[in-house]
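Structure record follows, encoded as structure tokens.
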Amino acid sequence: MSETGTESRPLVRQLPDPSTASNVRYNPSLETLRELAAHEETTTEFGSPSYVSEYRSRSADRTRNAVDHEFSDGDYELVDEAVDRAGEREMVCVDRLMGRHPEASFCCRLFVPVDHARIALAWANLFEPSDGREPDLFTVQDPDYDGTAIRVLPDEGFTAVLGSDYTGEAKKSFLRLFMYRIKQEGGLGLHAGSKRVRVRDADGDLRTVGQVFMGLSATGKSTLTSHGCWLEEPEHAVMLQDDVCGLLPDGSVAGSEGKGLFIKTIGLDPAEQPELYAAATDESAILENVAVDDGGTVDFDEDRYTANSRAIVQRDELESAADDIDLDRMDQVFFITRNPLMPPVAKLTPEQAAVAFMLGESIETSAGDPSRAGESIRVVGTNPFIIGSEGEEGNVFYDLVSDLDVECYVLNTGYLGEQSVDVGVEESVTILTEVARGTIEWTDDERTGLTVPDSVPGLEIDDYYVPDHVADYDDAVADLRAERREYLSQFDDLRDEIADAVY
């Protein structure tokens, strides 16, 4: 999909050649990276390393890309400085492969100063070792720069991360460009998890269903994607991807991270998230900004440093993780929301699904903007990493789900009304399983204007009828629709049939 080599990239030619540069340690082992990061490590009770960073979330307000922003001379000077500093300091350089799909696989090269080797260690544990190919995408992360700026040259495949030591900046620098390259080829990058579910349908026949979950960080995406759905053989559910995928024109979904997951740990519950908890407490995990005392005792409930505490966990430690990361076909897509006026689940037309995509309704989390955590927000595609026209992104999504005949749903994983009814993991997983089986009876509900369940096996769905839990529901939903129409009106290139389908 992408050109390789550096002949067309004057900027990249100026980066040190890691195989010959005397100031670069090239592809050190994970053991060596941990040794280089020892000065920042606290060893946990599980034997895993724990680190505390100065920056604890992405610096979205200081990120600019050359497609959506008019780059000034100052912006290009920042890029030049990042490249120059990589040639002047003692650096670690690590190559990793992002994706395995023949149409969506990239070699990524990360440079970080040796003093910040923990960033390379964490990042390297998310992706698989390179097979020796030339790199497609490059990031220089220099936390010691005076000032914070992230500058992206999408067409050159280059990102400069200056003044931030947050591991998430390294991770997203490559995933952002992964999604951009897929869109250039007629597909669409998705901030989404994916899983493959094999269940018995209403007739008792086994069927395999590909499910994709779109949602902002901390809305339950990882929990639902990794959940085994309490199935027993021959039924089963396996996670393919947790964070970023690529929907290709043929309906297949390319994965990106083949080795690890970057999960939130605050409030990690061994009862509701047993697999993720077990992986986060394994020796192979890497903790970042998690409360760990001097003796190594870990407290996932304490937000000592941030509510955006994280762990890199290994796929091998998750029973629900498949060996493969690609989905043959996306059959069902779920938009995860925390909007209290939304039912636990509703079935959407392709036009309504494109509306849901554009609205990207959720709750702000500490992973995005800690100062606004808990506020209602809208992010197109629940994807804060879109490069290019957001309206056109919605049009592409509409075309793909229409052409591929994908079933589309909105899924509320929060509360109904004024927090009177909680839609918990058990309810959401029951819904997902029965949607996969095709056993839910649907009805067009006049009051809500949505296609909602009339019955769900194993769930008293009448108890979750939203109008019963919202005072002045009709006025509230009318105001919500008006807000949605106004929001969509800002996207001049969004097609009318999508804008007119507000629900």
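How things are named: the first chain in the structure tokens is A, the next is B, and so on; residues count from 1 in each chain; ligands count from 1 in the order shown.
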Legend entry - Exercise: region 201-213 of chain A partners within 10 Å, only C-alpha atoms, chain neighbours under 3 positions left out, as a PyMOL selection string: chain A and resi 190-198+216+220-222+224-225+234-237+239-243+245+247+252-253+327-336+406-411+432+434-440
Inset, instruction - Tell me which protein, DNA and RNA residues are within 7 Å of region 56-70 of chain A, counting only C-alpha atoms, leaving out same-chain ones fewer than 2 positions away, and put them as a PyMOL selection string. - result: chain A and resi 53-54+72+148-154+166+168-169+306+308+367-368+387-388
Atoms to include: N, CA and C atoms. Write the selected residues as a PDB file, in the first residue's frame.
ATOM      1  N   SER A  53       5.494   8.825  34.085  1.00  0.00           N
ATOM      2  CA  SER A  53       5.882   9.824  33.098  1.00  0.00           C
ATOM      3  C   SER A  53       5.471  11.214  33.560  1.00  0.00           C
ATOM      4  N   GLU A  54       6.103  12.227  32.992  1.00  0.00           N
ATOM      5  CA  GLU A  54       5.707  13.600  33.292  1.00  0.00           C
ATOM      6  C   GLU A  54       4.388  13.936  32.606  1.00  0.00           C
ATOM      7  N   SER A  72       3.500  26.453   8.952  1.00  0.00           N
ATOM      8  CA  SER A  72       4.328  27.643   8.841  1.00  0.00           C
ATOM      9  C   SER A  72       5.795  27.232   8.797  1.00  0.00           C
ATOM     10  N   THR A 148       6.404  21.802  24.047  1.00  0.00           N
ATOM     11  CA  THR A 148       5.694  20.597  23.614  1.00  0.00           C
ATOM     12  C   THR A 148       5.045  20.846  22.264  1.00  0.00           C
ATOM     13  N   ALA A 149       5.347  19.991  21.303  1.00  0.00           N
ATOM     14  CA  ALA A 149       4.764  20.107  19.965  1.00  0.00           C
ATOM     15  C   ALA A 149       4.819  18.750  19.289  1.00  0.00           C
ATOM     16  N   ILE A 150       3.705  18.373  18.659  1.00  0.00           N
ATOM     17  CA  ILE A 150       3.663  17.166  17.836  1.00  0.00           C
ATOM     18  C   ILE A 150       3.351  17.613  16.419  1.00  0.00           C
ATOM     19  N   ARG A 151       4.237  17.313  15.493  1.00  0.00           N
ATOM     20  CA  ARG A 151       4.075  17.737  14.105  1.00  0.00           C
ATOM     21  C   ARG A 151       4.121  16.506  13.200  1.00  0.00           C
ATOM     22  N   VAL A 152       3.127  16.415  12.307  1.00  0.00           N
ATOM     23  CA  VAL A 152       2.949  15.218  11.487  1.00  0.00           C
ATOM     24  C   VAL A 152       3.008  15.590  10.012  1.00  0.00           C
ATOM     25  N   LEU A 153       3.841  14.888   9.265  1.00  0.00           N
ATOM     26  CA  LEU A 153       3.892  15.006   7.807  1.00  0.00           C
ATOM     27  C   LEU A 153       3.325  13.710   7.241  1.00  0.00           C
ATOM     28  N   PRO A 154       2.009  13.646   7.023  1.00  0.00           N
ATOM     29  CA  PRO A 154       1.378  12.371   6.653  1.00  0.00           C
ATOM     30  C   PRO A 154       1.917  11.761   5.373  1.00  0.00           C
ATOM     31  N   TYR A 166       5.047  10.820  27.018  1.00  0.00           N
ATOM     32  CA  TYR A 166       3.908   9.899  27.130  1.00  0.00           C
ATOM     33  C   TYR A 166       4.004   8.817  26.059  1.00  0.00           C
ATOM     34  N   GLY A 168       1.785   6.952  24.881  1.00  0.00           N
ATOM     35  CA  GLY A 168       0.673   6.999  23.944  1.00  0.00           C
ATOM     36  C   GLY A 168       0.948   7.850  22.719  1.00  0.00           C
ATOM     37  N   GLU A 169       1.837   8.832  22.833  1.00  0.00           N
ATOM     38  CA  GLU A 169       2.184   9.648  21.661  1.00  0.00           C
ATOM     39  C   GLU A 169       2.932   8.813  20.627  1.00  0.00           C
ATOM     40  N   THR A 306      -2.775   9.842  37.805  1.00  0.00           N
ATOM     41  CA  THR A 306      -3.763  10.208  36.794  1.00  0.00           C
ATOM     42  C   THR A 306      -4.847   9.142  36.752  1.00  0.00           C
ATOM     43  N   ASN A 308      -5.802   8.253  33.996  1.00  0.00           N
ATOM     44  CA  ASN A 308      -5.431   7.620  32.730  1.00  0.00           C
ATOM     45  C   ASN A 308      -4.240   6.683  32.928  1.00  0.00           C
ATOM     46  N   ALA A 367      -7.969  10.052  29.071  1.00  0.00           N
ATOM     47  CA  ALA A 367      -7.043   9.723  27.985  1.00  0.00           C
ATOM     48  C   ALA A 367      -7.012  10.819  26.931  1.00  0.00           C
ATOM     49  N   GLY A 368      -8.118  11.563  26.814  1.00  0.00           N
ATOM     50  CA  GLY A 368      -8.181  12.621  25.825  1.00  0.00           C
ATOM     51  C   GLY A 368      -7.837  13.971  26.427  1.00  0.00           C
ATOM     52  N   ILE A 387      -7.086  12.230   9.769  1.00  0.00           N
ATOM     53  CA  ILE A 387      -6.362  13.180   8.924  1.00  0.00           C
ATOM     54  C   ILE A 387      -7.187  13.372   7.649  1.00  0.00           C
ATOM     55  N   GLY A 388      -7.523  14.621   7.326  1.00  0.00           N
ATOM     56  CA  GLY A 388      -8.341  14.903   6.162  1.00  0.00           C
ATOM     57  C   GLY A 388      -9.756  15.278   6.554  1.00  0.00           C
TER      58      GLY A 388
END
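Near Ile325 (chain A), within 8 Å and counting only C-alpha atoms, sit Gly99, Arg100, Leu240, Gln241, Ala254, Gly255, Ser256, Glu257 and Gly258 of chain A, not including residues fewer than 4 positions from it in the same chain.
Of note, CA of Asp146 (chain A) and CA of Ala122 (chain A) are spaced 23.5 Å apart.
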Inset, instruction - Just the residues within 12 Å of Ser420 (chain A), please, counting only C-alpha atoms, with nothing from its chain fewer than 2 positions along; format it as a ChimeraX atom specification. - result: /A:340-341,414-418,422-423,463-471
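The shortest atom-to-atom distance to Tyr180 (chain A), with only C-alpha atoms taken into account, belongs to A:Asn383 out of A:Thr433, A:Ser130, A:Asn395, A:Asn383.
With only C-alpha atoms as the atoms that count, the residue of A:Glu486, A:Pro344, A:Thr451, A:Pro28 with the shortest distance to Glu427 (chain A) is A:Pro344.
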Legend entry - Non-local contacts of Val12 (chain A) (12 Å; only C-alpha atoms; under 4 positions in same chain excluded) as a PyMOL selection string: chain A and resi 4-8+16-17+79-80+82-84+86-87+109+134-140+153+155-160
Go ahead and save the residues from that selection, with N, CA and C atoms, as a PDB file, in the first residue's frame.
ATOM      1  N   THR A   4       8.066   2.239  -0.215  1.00  0.00           N
ATOM      2  CA  THR A   4       9.108   1.931   0.760  1.00  0.00           C
ATOM      3  C   THR A   4      10.398   2.606   0.335  1.00  0.00           C
ATOM      4  N   GLY A   5      11.369   2.543   1.213  1.00  0.00           N
ATOM      5  CA  GLY A   5      12.634   3.193   0.917  1.00  0.00           C
ATOM      6  C   GLY A   5      12.565   4.665   1.270  1.00  0.00           C
ATOM      7  N   THR A   6      13.688   5.370   1.035  1.00  0.00           N
ATOM      8  CA  THR A   6      13.772   6.764   1.428  1.00  0.00           C
ATOM      9  C   THR A   6      14.099   7.684   0.261  1.00  0.00           C
ATOM     10  N   GLU A   7      14.102   7.154  -0.966  1.00  0.00           N
ATOM     11  CA  GLU A   7      14.540   7.954  -2.089  1.00  0.00           C
ATOM     12  C   GLU A   7      13.662   9.174  -2.331  1.00  0.00           C
ATOM     13  N   SER A   8      12.370   9.104  -1.963  1.00  0.00           N
ATOM     14  CA  SER A   8      11.465  10.226  -2.214  1.00  0.00           C
ATOM     15  C   SER A   8      11.261  11.059  -0.962  1.00  0.00           C
ATOM     16  N   PRO A  16      19.478   9.580  11.141  1.00  0.00           N
ATOM     17  CA  PRO A  16      20.645   8.679  11.235  1.00  0.00           C
ATOM     18  C   PRO A  16      20.321   7.309  10.634  1.00  0.00           C
ATOM     19  N   ASP A  17      21.288   6.730   9.957  1.00  0.00           N
ATOM     20  CA  ASP A  17      21.162   5.335   9.527  1.00  0.00           C
ATOM     21  C   ASP A  17      21.487   4.485  10.747  1.00  0.00           C
ATOM     22  N   VAL A  79      10.113  20.241  12.910  1.00  0.00           N
ATOM     23  CA  VAL A  79      10.425  18.938  12.318  1.00  0.00           C
ATOM     24  C   VAL A  79      11.931  18.807  12.093  1.00  0.00           C
ATOM     25  N   ASP A  80      12.529  19.865  11.554  1.00  0.00           N
ATOM     26  CA  ASP A  80      13.971  19.833  11.302  1.00  0.00           C
ATOM     27  C   ASP A  80      14.748  19.663  12.608  1.00  0.00           C
ATOM     28  N   ALA A  82      13.771  18.150  15.323  1.00  0.00           N
ATOM     29  CA  ALA A  82      13.635  16.771  15.784  1.00  0.00           C
ATOM     30  C   ALA A  82      14.618  15.863  15.057  1.00  0.00           C
ATOM     31  N   VAL A  83      14.735  16.061  13.743  1.00  0.00           N
ATOM     32  CA  VAL A  83      15.655  15.249  12.951  1.00  0.00           C
ATOM     33  C   VAL A  83      17.105  15.539  13.346  1.00  0.00           C
ATOM     34  N   ASP A  84      17.417  16.820  13.491  1.00  0.00           N
ATOM     35  CA  ASP A  84      18.791  17.191  13.850  1.00  0.00           C
ATOM     36  C   ASP A  84      19.179  16.624  15.213  1.00  0.00           C
ATOM     37  N   ALA A  86      18.060  14.045  16.664  1.00  0.00           N
ATOM     38  CA  ALA A  86      18.224  12.589  16.592  1.00  0.00           C
ATOM     39  C   ALA A  86      19.621  12.205  16.130  1.00  0.00           C
ATOM     40  N   GLY A  87      20.259  13.115  15.413  1.00  0.00           N
ATOM     41  CA  GLY A  87      21.611  12.828  14.940  1.00  0.00           C
ATOM     42  C   GLY A  87      22.696  13.268  15.892  1.00  0.00           C
ATOM     43  N   ARG A 109       9.559   2.819  12.397  1.00  0.00           N
ATOM     44  CA  ARG A 109      10.853   3.066  13.025  1.00  0.00           C
ATOM     45  C   ARG A 109      10.711   4.200  14.041  1.00  0.00           C
ATOM     46  N   GLU A 134      12.541  -2.295   4.670  1.00  0.00           N
ATOM     47  CA  GLU A 134      12.768  -0.869   4.867  1.00  0.00           C
ATOM     48  C   GLU A 134      11.561  -0.237   5.552  1.00  0.00           C
ATOM     49  N   PRO A 135      11.781   0.739   6.423  1.00  0.00           N
ATOM     50  CA  PRO A 135      10.661   1.349   7.145  1.00  0.00           C
ATOM     51  C   PRO A 135       9.764   2.192   6.245  1.00  0.00           C
ATOM     52  N   ASP A 136       8.478   2.181   6.570  1.00  0.00           N
ATOM     53  CA  ASP A 136       7.484   3.003   5.880  1.00  0.00           C
ATOM     54  C   ASP A 136       7.161   4.273   6.658  1.00  0.00           C
ATOM     55  N   LEU A 137       7.175   4.167   7.988  1.00  0.00           N
ATOM     56  CA  LEU A 137       6.740   5.257   8.858  1.00  0.00           C
ATOM     57  C   LEU A 137       7.813   5.505   9.919  1.00  0.00           C
ATOM     58  N   PHE A 138       7.974   6.780  10.283  1.00  0.00           N
ATOM     59  CA  PHE A 138       9.054   7.179  11.180  1.00  0.00           C
ATOM     60  C   PHE A 138       8.515   8.124  12.258  1.00  0.00           C
ATOM     61  N   THR A 139       9.011   7.941  13.481  1.00  0.00           N
ATOM     62  CA  THR A 139       8.717   8.884  14.556  1.00  0.00           C
ATOM     63  C   THR A 139       9.996   9.158  15.325  1.00  0.00           C
ATOM     64  N   VAL A 140      10.248  10.434  15.604  1.00  0.00           N
ATOM     65  CA  VAL A 140      11.291  10.841  16.541  1.00  0.00           C
ATOM     66  C   VAL A 140      10.585  11.426  17.750  1.00  0.00           C
ATOM     67  N   LEU A 153       3.841  14.888   9.265  1.00  0.00           N
ATOM     68  CA  LEU A 153       3.892  15.006   7.807  1.00  0.00           C
ATOM     69  C   LEU A 153       3.325  13.710   7.241  1.00  0.00           C
ATOM     70  N   ASP A 155       2.145  12.577   4.356  1.00  0.00           N
ATOM     71  CA  ASP A 155       2.566  12.012   3.077  1.00  0.00           C
ATOM     72  C   ASP A 155       4.016  11.545   3.086  1.00  0.00           C
ATOM     73  N   GLU A 156       4.804  12.072   4.017  1.00  0.00           N
ATOM     74  CA  GLU A 156       6.164  11.575   4.188  1.00  0.00           C
ATOM     75  C   GLU A 156       6.234  10.469   5.219  1.00  0.00           C
ATOM     76  N   GLY A 157       5.131  10.229   5.938  1.00  0.00           N
ATOM     77  CA  GLY A 157       5.127   9.179   6.943  1.00  0.00           C
ATOM     78  C   GLY A 157       5.980   9.503   8.153  1.00  0.00           C
ATOM     79  N   PHE A 158       6.039  10.794   8.512  1.00  0.00           N
ATOM     80  CA  PHE A 158       6.940  11.213   9.582  1.00  0.00           C
ATOM     81  C   PHE A 158       6.185  11.969  10.662  1.00  0.00           C
ATOM     82  N   THR A 159       6.549  11.690  11.938  1.00  0.00           N
ATOM     83  CA  THR A 159       5.994  12.413  13.082  1.00  0.00           C
ATOM     84  C   THR A 159       7.125  12.826  14.009  1.00  0.00           C
ATOM     85  N   ALA A 160       7.079  14.083  14.429  1.00  0.00           N
ATOM     86  CA  ALA A 160       7.994  14.587  15.449  1.00  0.00           C
ATOM     87  C   ALA A 160       7.200  14.800  16.727  1.00  0.00           C
TER      88      ALA A 160
END
Could you list, with a cut-off of 12 Å and counting only C-alpha atoms, the residues of region 298-349 of chain A near region 274-293 of chain A, each shown with its nearest atom pair and the distance in Å rounded to one decimal, rows sorted by chain and ascending number, as a tab-separated table?
residue	atom	partner	partner_atom	distance
A:Val298	CA	A:Val292	CA	4.5
A:Asp299	CA	A:Ala291	CA	5.4
A:Phe300	CA	A:Val290	CA	6.6
A:Asp301	CA	A:Ala291	CA	8.2
A:Glu302	CA	A:Ala291	CA	6.1
A:Asp303	CA	A:Ala291	CA	6.8
A:Arg304	CA	A:Ala291	CA	5.6
A:Tyr305	CA	A:Asn289	CA	5.8
A:Thr306	CA	A:Asn289	CA	6.8
A:Ala307	CA	A:Asn289	CA	8.9
A:Asn308	CA	A:Asn289	CA	7.7
A:Ser309	CA	A:Asn289	CA	4.9
A:Arg310	CA	A:Glu288	CA	5.1
A:Ala311	CA	A:Leu287	CA	4.4
A:Ile312	CA	A:Ile286	CA	5.1
A:Val313	CA	A:Ala285	CA	4.8
A:Gln314	CA	A:Ala285	CA	6.8
A:Arg315	CA	A:Ala279	CA	8.3
A:Asp316	CA	A:Ala279	CA	8.7
A:Glu317	CA	A:Ala279	CA	5.4
A:Leu318	CA	A:Glu275	CA	5.8
A:Glu319	CA	A:Glu275	CA	7.2
A:Ser320	CA	A:Glu275	CA	7.9
A:Ala321	CA	A:Glu275	CA	9.8
Inset, instruction - as a PyMOL selection string, list the residues of region 184-348 of chain A assigned to strand (DSSP E) by DSSP on the backbone atoms of this structure. - result: chain A and resi 188-190+192-200+206-214+236-241+245-247+253-255+260-264+286-288+291-292+298-299+310-314+332-337+345-348
Would you write out those residues with C-alpha atoms, as a CSV table (one decimal), in the first residue's frame?
chain,number,residue,atom,x,y,z
A,188,LEU,CA,-11.2,3.5,6.2
A,189,GLY,CA,-9.2,3.5,9.4
A,190,LEU,CA,-11.3,2.8,12.5
A,192,ALA,CA,-12.2,0.3,17.0
A,193,GLY,CA,-11.8,-3.2,18.4
A,194,SER,CA,-12.6,-6.3,16.5
A,195,LYS,CA,-13.6,-9.9,17.5
A,196,ARG,CA,-14.8,-13.1,15.9
A,197,VAL,CA,-17.8,-14.8,17.4
A,198,ARG,CA,-19.0,-18.4,16.6
A,199,VAL,CA,-22.4,-19.1,18.0
A,200,ARG,CA,-25.5,-21.2,17.3
A,206,LEU,CA,-23.3,-22.7,14.0
A,207,ARG,CA,-22.5,-19.3,12.4
A,208,THR,CA,-19.4,-17.1,12.5
A,209,VAL,CA,-19.9,-13.4,12.9
A,210,GLY,CA,-17.3,-10.6,12.7
A,211,GLN,CA,-18.0,-7.8,15.1
A,212,VAL,CA,-16.4,-4.3,15.3
A,213,PHE,CA,-16.7,-1.9,18.2
A,214,MET,CA,-16.2,1.8,17.8
A,236,HIS,CA,-16.5,-19.3,21.2
A,237,ALA,CA,-15.5,-15.6,20.9
A,238,VAL,CA,-12.0,-14.3,20.3
A,239,MET,CA,-10.5,-10.9,20.3
A,240,LEU,CA,-8.6,-9.8,17.2
A,241,GLN,CA,-7.8,-6.2,17.9
A,245,CYS,CA,-8.3,-1.4,12.6
A,246,GLY,CA,-8.6,-0.8,8.9
A,247,LEU,CA,-11.9,-1.5,7.1
A,253,VAL,CA,-10.7,-5.7,8.6
A,254,ALA,CA,-6.9,-5.3,9.0
A,255,GLY,CA,-5.5,-5.4,12.5
A,260,GLY,CA,0.3,-6.2,22.9
A,261,LEU,CA,-2.6,-4.0,24.2
A,262,PHE,CA,-2.3,-0.6,25.8
A,263,ILE,CA,-5.2,-0.8,28.3
A,264,LYS,CA,-6.5,1.5,31.0
A,286,ILE,CA,4.5,-2.9,31.7
A,287,LEU,CA,2.8,-0.3,34.0
A,288,GLU,CA,2.7,3.4,33.3
A,291,ALA,CA,-0.1,3.6,41.8
A,292,VAL,CA,2.8,1.4,43.1
A,298,VAL,CA,0.0,-2.2,43.0
A,299,ASP,CA,-3.3,-0.4,43.5
A,310,ARG,CA,-2.1,2.3,31.7
A,311,ALA,CA,-0.6,-1.1,31.2
A,312,ILE,CA,0.9,-2.7,28.1
A,313,VAL,CA,-0.2,-6.3,28.3
A,314,GLN,CA,0.6,-9.2,26.1
A,332,GLN,CA,-21.7,-6.1,12.5
A,333,VAL,CA,-20.5,-2.8,13.8
A,334,PHE,CA,-21.4,-1.3,17.2
A,335,PHE,CA,-21.1,2.4,18.1
A,336,ILE,CA,-20.4,2.5,21.9
A,337,THR,CA,-22.0,5.6,23.5
A,345,VAL,CA,-29.1,-1.2,21.9
A,346,ALA,CA,-30.8,0.1,18.7
A,347,LYS,CA,-30.5,-1.2,15.2
A,348,LEU,CA,-29.6,1.5,12.6
Legend entry - Distance query Val94 (chain A) at most 10 Å, only C-alpha atoms, self and fewer than 2 positions along chain excluded, as a PyMOL selection string: chain A and resi 18+24-29+91-92+96+108-112+120-121+123-124+129-130
Write out the residues from the selection above, keeping C-alpha atoms, as an mmCIF file, in the first residue's frame.
data_model
loop_
_atom_site.group_PDB
_atom_site.id
_atom_site.type_symbol
_atom_site.label_atom_id
_atom_site.label_comp_id
_atom_site.auth_asym_id
_atom_site.auth_seq_id
_atom_site.Cartn_x
_atom_site.Cartn_y
_atom_site.Cartn_z
ATOM 1 C CA PRO A 18 20.738 3.175 12.620
ATOM 2 C CA VAL A 24 22.334 4.928 17.788
ATOM 3 C CA ARG A 25 21.626 1.629 19.540
ATOM 4 C CA TYR A 26 19.717 -0.254 16.856
ATOM 5 C CA ASN A 27 17.050 -2.801 17.743
ATOM 6 C CA PRO A 28 18.333 -3.721 21.206
ATOM 7 C CA SER A 29 16.591 -6.644 22.869
ATOM 8 C CA MET A 91 19.488 7.379 20.729
ATOM 9 C CA VAL A 92 17.657 4.085 20.732
ATOM 10 C CA ARG A 96 8.499 -2.944 14.483
ATOM 11 C CA CYS A 108 7.631 1.499 11.752
ATOM 12 C CA ARG A 109 10.853 3.066 13.025
ATOM 13 C CA LEU A 110 10.969 4.866 16.381
ATOM 14 C CA PHE A 111 13.845 7.005 17.641
ATOM 15 C CA VAL A 112 13.998 8.021 21.325
ATOM 16 C CA ALA A 120 10.817 2.299 23.306
ATOM 17 C CA LEU A 121 10.382 -0.673 25.653
ATOM 18 C CA TRP A 123 6.079 0.663 22.368
ATOM 19 C CA ALA A 124 8.105 -2.356 21.229
ATOM 20 C CA PRO A 129 9.607 -7.446 15.429
ATOM 21 C CA SER A 130 10.466 -6.275 11.946
#
Inset, instruction - Figure out the distance between CA of Asp75 (chain A) and CA of Ala104 (chain A), please, to one decimal in Å. - result: 29.3 Å
Legend entry - alpha helix (DSSP H) per DSSP on the backbone: members of region 13-108 of chain A, as a VMD selection string: chain A and resid 13 30 to 36 73 to 88
Now that the selection is made, can you save its residues with N, CA and C atoms as a compact mmCIF listing (two decimals), in the first residue's frame?
# COMPACT_ATOMS: atom_id res chain seq x y z
N ARG A 13 15.96 11.00 4.71
CA ARG A 13 17.38 10.74 4.39
C ARG A 13 18.30 11.40 5.40
N LEU A 30 14.55 -6.60 24.16
CA LEU A 30 13.65 -6.07 25.19
C LEU A 30 14.33 -6.07 26.55
N GLU A 31 15.16 -7.06 26.80
CA GLU A 31 15.90 -7.13 28.07
C GLU A 31 16.86 -5.94 28.19
N THR A 32 17.52 -5.62 27.08
CA THR A 32 18.45 -4.48 27.09
C THR A 32 17.69 -3.17 27.28
N LEU A 33 16.56 -3.03 26.63
CA LEU A 33 15.76 -1.82 26.79
C LEU A 33 15.34 -1.64 28.24
N ARG A 34 14.97 -2.74 28.89
CA ARG A 34 14.57 -2.62 30.29
C ARG A 34 15.77 -2.22 31.14
N GLU A 35 16.93 -2.76 30.84
CA GLU A 35 18.15 -2.38 31.58
C GLU A 35 18.44 -0.89 31.39
N LEU A 36 18.26 -0.39 30.16
CA LEU A 36 18.50 1.02 29.89
C LEU A 36 17.51 1.92 30.62
N ASP A 73 6.65 28.22 8.57
CA ASP A 73 8.09 27.93 8.62
C ASP A 73 8.46 27.39 10.00
N GLY A 74 7.78 27.92 11.03
CA GLY A 74 8.06 27.45 12.39
C GLY A 74 7.72 25.99 12.58
N ASP A 75 6.65 25.53 11.93
CA ASP A 75 6.28 24.11 12.04
C ASP A 75 7.34 23.23 11.41
N TYR A 76 7.80 23.63 10.22
CA TYR A 76 8.84 22.84 9.56
C TYR A 76 10.16 22.91 10.31
N GLU A 77 10.41 24.03 10.98
CA GLU A 77 11.62 24.12 11.78
C GLU A 77 11.58 23.16 12.96
N LEU A 78 10.39 22.95 13.54
CA LEU A 78 10.26 21.97 14.61
C LEU A 78 10.60 20.57 14.10
N VAL A 79 10.11 20.24 12.91
CA VAL A 79 10.42 18.94 12.32
C VAL A 79 11.93 18.81 12.09
N ASP A 80 12.53 19.87 11.55
CA ASP A 80 13.97 19.83 11.30
C ASP A 80 14.75 19.66 12.61
N GLU A 81 14.29 20.35 13.66
CA GLU A 81 14.98 20.22 14.94
C GLU A 81 14.92 18.79 15.47
N ALA A 82 13.77 18.15 15.32
CA ALA A 82 13.63 16.77 15.78
C ALA A 82 14.62 15.86 15.06
N VAL A 83 14.73 16.06 13.74
CA VAL A 83 15.66 15.25 12.95
C VAL A 83 17.11 15.54 13.35
N ASP A 84 17.42 16.82 13.49
CA ASP A 84 18.79 17.19 13.85
C ASP A 84 19.18 16.62 15.21
N ARG A 85 18.28 16.74 16.19
CA ARG A 85 18.58 16.26 17.54
C ARG A 85 18.76 14.75 17.57
N ALA A 86 18.06 14.05 16.66
CA ALA A 86 18.22 12.59 16.59
C ALA A 86 19.62 12.20 16.13
N GLY A 87 20.26 13.11 15.41
CA GLY A 87 21.61 12.83 14.94
C GLY A 87 22.70 13.27 15.89
N GLU A 88 22.30 14.02 16.94
CA GLU A 88 23.30 14.59 17.84
C GLU A 88 23.38 13.89 19.19
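Of the listed residues A:Gly381, A:Asp144, A:Gly187, A:Thr349, the one whose atoms come nearest to Asp444 (chain A) is A:Thr349, with distances taken using only C-alpha atoms.
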